[in-house]
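**Q** Dropping a structure here in structure tokens format, bear with me for questions.
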Amino acid sequence: MRIGPCTLALAVAGLLAISGPAATAQPYSQQRYDDQIDVGDFYDSLEPYGDWVEMRDYGWGWSPRVERNWRPYTRGQWYLTNDGWFWDSDEPFGWATFHYGRWVNDRYYGWLWIPGTEWAPAWVSWRHGNGYTGWAPLPPRAVWQSRIGFSIGGFEIDAFIGSRDYAFVPDRSFVDRGVYRRVLPSSQNVTIINVTNNITRYSQDGYRVVNRGVDVESVERAVGRRVPRARTVELDRADGRRQSRADEVQIYRPEVQARNDDQRPRQGRSLVAGETPSPRLVERRRVREQELRQLGSEARVTAREVAERAPRNEKARAAQAEQKRIDQQQRQQDQALQQGQRSRQREQDQQDRDDAQQQRQTTQEEQRATRQKQQQEAQQAVERQRAEQAQGREEAAAARAEQQKQNQEAQQQQQQRQQDKAQQAEQQRQGQAEARQQRQAAQEEQRATRQKQQQEARQAAERQRAEQAQGREEAAAARAEQQEQKQEAQQQQQQRQQEKAQQQAEGQAEARQQRQAAQQEQSAARANQKAEAQAAAEQQRAEKVKGREQATAAREQQQAEQQAARQEKGKGKGKGKNKGKPEPTPTPESR
């Protein structure tokens, strides 16, 4: 790998300290966890939040359902932990897509996540300088190998990252919770890349990948306070309950197994096989093509090309020299840490050799003691033999037989203890295998239960919508009928008012009589209106009851028809099975 301001540093195995003051959190275990999943679990877990599509260059990739101009590693907050800079995402899919695998900004379909098996606090490329801090997702070509580091074929990391893929913020806003609100427009990236340098650095501590990147002291100087350190707390599942605290971050970090080549997402679309992508991806491609026409050649410019085309003014040269000095100091620090690690390894090896030597000495002493004991026993046996010869050959023979029997019993007991230990170890291994199988079965049952609940909820919602539509139709019919009755009553009232006006013109006496008659008629009309309204309401209720009865009868009839159809189908199958067999001879009882 070439040495330069934009070079991604190789990982150094066994480094124990992160840049700046050490984190106060207690590191979690460096051993692998019992929780194991495979890439197929990614397919199921991420399907509700995006679309899977198979590309010729990357294989299966996942496209999130997000708003326009969305970028990875922007909805959340950066934390300083015992693993270095950790990205705490606010998005439900962040536990997987920001800690495993890689991101690629495809020309036509935008950001796609490519699954991976190695966990890290964040897989990003860092840039820093002149008051700006920026990061971009690592591309698929940045392959991490345990205890070796990144393998990019000798190229610099910025040669595979687009200039618009970086998210830049002022240094003072780097650790803000709403950092996405502080991200500068991507149109300014070209200018900022010219005054910043690549500071990407990863290392490995046991089984843990450590993301070093930005210097902690420079961040603290920019924000004017000490950056808080957070400890990591393990969760037992991805959808586990998360509690927000300033001094800890909660993570789900299972061990991921490589996928089977035959596995594919259930709803995935393979462009390699000629399948049509989802309508959302088709629309995204249309929008991306419009953006590409507007940007022209600028859309394909990488961060490395921007740095090479930039004018080398005094400020840029000074920044580059300062960065080289920092890189040199960092390399010296890394070399010192490596030397310290090597010296500790030599001390450990020496200690192992001393322990082995001491163990050998102890073994030799035990062997000498055993030989002395055997010699004493041999002498005692000789003495007993002499005594036996004096007492008689028969007693000596019996004593030897008894001694041999005791020796055989002791050997049998020792063999039995060894067999018991082997059986216990085998039972323990079987118990661990059964526990893993039970966890896998429980996960499968949970997925099946969630799918069944979703299907039942959809069916209930469809039935509810159908009932609501039927109720709305009945209510509309009732309102229309009531409106017609009101119009008829108004017409009758207008007719009566006209008749009364004509009667008043005939004379005062007749008018008085007519007023009295009109009052009587009004009373009768009101009584009639009340009666008619009551009759209309009763008729509406009767019609509603009749409509419900008809709907119930229709459903019952439909169920009866379906049952009859099933019976007919069953009879048809029975006839098909009995076809070709002679019919039974009727008995007198059957006749």
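Every chain in the structure tokens has a letter given in the order shown (A, B, ...), and although residue numbers restart at 1 in each chain, ligands are simply numbered from 1 in the order shown.
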Report the residues of segment 246-433 of chain A whose backbone DSSP state falls under strand (DSSP E), written as an MDAnalysis selection string.

**A** chainID A and resid 248:251 255:257 269:270

**Q** Suppose we keep C-alpha atoms; can you now write the selection as a PDB file, in the first residue's frame?

**A**
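Final output, saved to out.pdb:
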```pdb
ATOM      1  CA  GLU A 248     -23.502   3.737  27.229  1.00  0.00           C
ATOM      2  CA  VAL A 249     -24.526   2.458  23.809  1.00  0.00           C
ATOM      3  CA  GLN A 250     -26.482  -0.758  23.272  1.00  0.00           C
ATOM      4  CA  ILE A 251     -25.436  -3.099  20.472  1.00  0.00           C
ATOM      5  CA  GLU A 255     -21.471 -13.844  14.762  1.00  0.00           C
ATOM      6  CA  VAL A 256     -22.460 -13.991  11.077  1.00  0.00           C
ATOM      7  CA  GLN A 257     -21.803 -17.084   8.984  1.00  0.00           C
ATOM      8  CA  ARG A 269     -35.420  -9.198  -7.923  1.00  0.00           C
ATOM      9  CA  SER A 270     -32.394 -10.470  -9.865  1.00  0.00           C
TER      10      SER A 270
END
```

**Q** Mind checking DSSP for segment 149-178 of chain A and telling me the helix (DSSP H, G or I) residues as a short mmCIF file (atom, residue, chain, number, x, y, z; two decimals) with N, CA and C atoms, in the first residue's frame?

**A**
```cif
data_model
loop_
_atom_site.label_atom_id
_atom_site.label_comp_id
_atom_site.auth_asym_id
_atom_site.auth_seq_id
_atom_site.Cartn_x
_atom_site.Cartn_y
_atom_site.Cartn_z
N ILE A 157 -7.73 4.47 -0.76
CA ILE A 157 -9.17 4.26 -0.54
C ILE A 157 -9.99 5.32 -1.26
N ASP A 158 -9.50 6.56 -1.37
CA ASP A 158 -10.26 7.63 -2.02
C ASP A 158 -10.42 7.42 -3.52
N ALA A 159 -9.67 6.46 -4.09
CA ALA A 159 -9.82 6.18 -5.51
C ALA A 159 -11.13 5.47 -5.82
N PHE A 160 -11.83 4.95 -4.79
CA PHE A 160 -13.07 4.22 -4.99
C PHE A 160 -14.25 4.89 -4.30
N SER A 163 -16.60 11.92 -4.76
CA SER A 163 -16.41 13.16 -3.99
C SER A 163 -17.70 13.58 -3.29
N ARG A 164 -18.87 13.23 -3.84
CA ARG A 164 -20.15 13.60 -3.22
C ARG A 164 -20.61 12.60 -2.17
N ASP A 165 -19.86 11.50 -1.97
CA ASP A 165 -20.26 10.49 -1.00
C ASP A 165 -19.88 10.86 0.42
N ASP A 171 -16.08 20.85 12.81
CA ASP A 171 -15.56 20.06 13.92
C ASP A 171 -16.42 20.21 15.18
N ARG A 172 -16.95 21.41 15.41
CA ARG A 172 -17.72 21.64 16.64
C ARG A 172 -19.03 20.87 16.66
N SER A 173 -19.50 20.39 15.49
CA SER A 173 -20.78 19.67 15.41
C SER A 173 -20.60 18.18 15.25
#
```

**Q** List the spatial neighbours of Gly84 of chain A as a PyMOL selection string - criterion: any atom at most 6 Å away, only C-alpha atoms, same-chain residues fewer than 4 positions off excluded.

**A** chain A and resi 80+210-212

**Q** Keeping N, CA and C atoms for every residue in the selection just given, could you write it to a file as an mmCIF file, in the first residue's frame?

**A**
```cif
data_model
loop_
_atom_site.group_PDB
_atom_site.id
_atom_site.type_symbol
_atom_site.label_atom_id
_atom_site.label_comp_id
_atom_site.auth_asym_id
_atom_site.auth_seq_id
_atom_site.Cartn_x
_atom_site.Cartn_y
_atom_site.Cartn_z
ATOM 1 N N LEU A 80 -17.603 7.829 21.406
ATOM 2 C CA LEU A 80 -16.268 7.321 21.651
ATOM 3 C C LEU A 80 -16.369 6.184 22.657
ATOM 4 N N VAL A 210 -11.200 -2.092 15.892
ATOM 5 C CA VAL A 210 -11.201 -0.773 16.534
ATOM 6 C C VAL A 210 -11.123 0.300 15.451
ATOM 7 N N ASN A 211 -12.057 1.264 15.495
ATOM 8 C CA ASN A 211 -12.136 2.360 14.528
ATOM 9 C C ASN A 211 -11.495 3.592 15.158
ATOM 10 N N ARG A 212 -10.294 3.939 14.741
ATOM 11 C CA ARG A 212 -9.580 5.051 15.372
ATOM 12 C C ARG A 212 -9.933 6.378 14.706
#
```

**Q** Hey, which bits of segment 383-487 of chain A sit within 12 Å of segment 528-547 of chain A, and for each residue what's the closest pair of atoms and how far apart in Å (one decimal), counting only C-alpha atoms, rows by chain and increasing number, as a Markdown table?

**A**
```
| residue | atom | partner | partner_atom | distance |
| --- | --- | --- | --- | --- |
| A:Gln470 | CA | A:Gly547 | CA | 9.9 |
| A:Gly471 | CA | A:Lys544 | CA | 9.6 |
| A:Arg472 | CA | A:Lys544 | CA | 11.9 |
| A:Glu473 | CA | A:Lys544 | CA | 10.9 |
| A:Glu474 | CA | A:Lys544 | CA | 7.3 |
| A:Ala475 | CA | A:Lys544 | CA | 9.1 |
| A:Ala476 | CA | A:Gln540 | CA | 11.6 |
| A:Ala477 | CA | A:Gln540 | CA | 9.4 |
| A:Ala478 | CA | A:Gln540 | CA | 6.6 |
| A:Arg479 | CA | A:Gln540 | CA | 9.8 |
| A:Ala480 | CA | A:Gln540 | CA | 11.2 |
| A:Glu481 | CA | A:Ala536 | CA | 8.6 |
| A:Gln482 | CA | A:Ala536 | CA | 7.7 |
| A:Gln483 | CA | A:Ala536 | CA | 11.2 |
| A:Glu484 | CA | A:Ala536 | CA | 10.9 |
| A:Gln485 | CA | A:Ala533 | CA | 8.3 |
| A:Lys486 | CA | A:Ala533 | CA | 9.3 |
```

**Q** Atom CA of Gln502 of chain A to atom CA of Gln514 of chain A: how many Å, to one decimal?

**A**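 Atom-to-atom, atom CA of Gln502 of chain A and atom CA of Gln514 of chain A are spaced 10.0 Å apart.
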
**Q** If I take atom CA of Ser343 of chain A and atom CA of Gly149 of chain A, how far is one from the other in Å, to one decimal?

**A** 21.6 Å

**Q** Could you tell me how far atom CA of Phe86 of chain A sits from atom CA of Arg68 of chain A, in Å to one decimal place?

**A**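 Separation between atom CA of Arg68 of chain A and atom CA of Phe86 of chain A: 25.4 Å.
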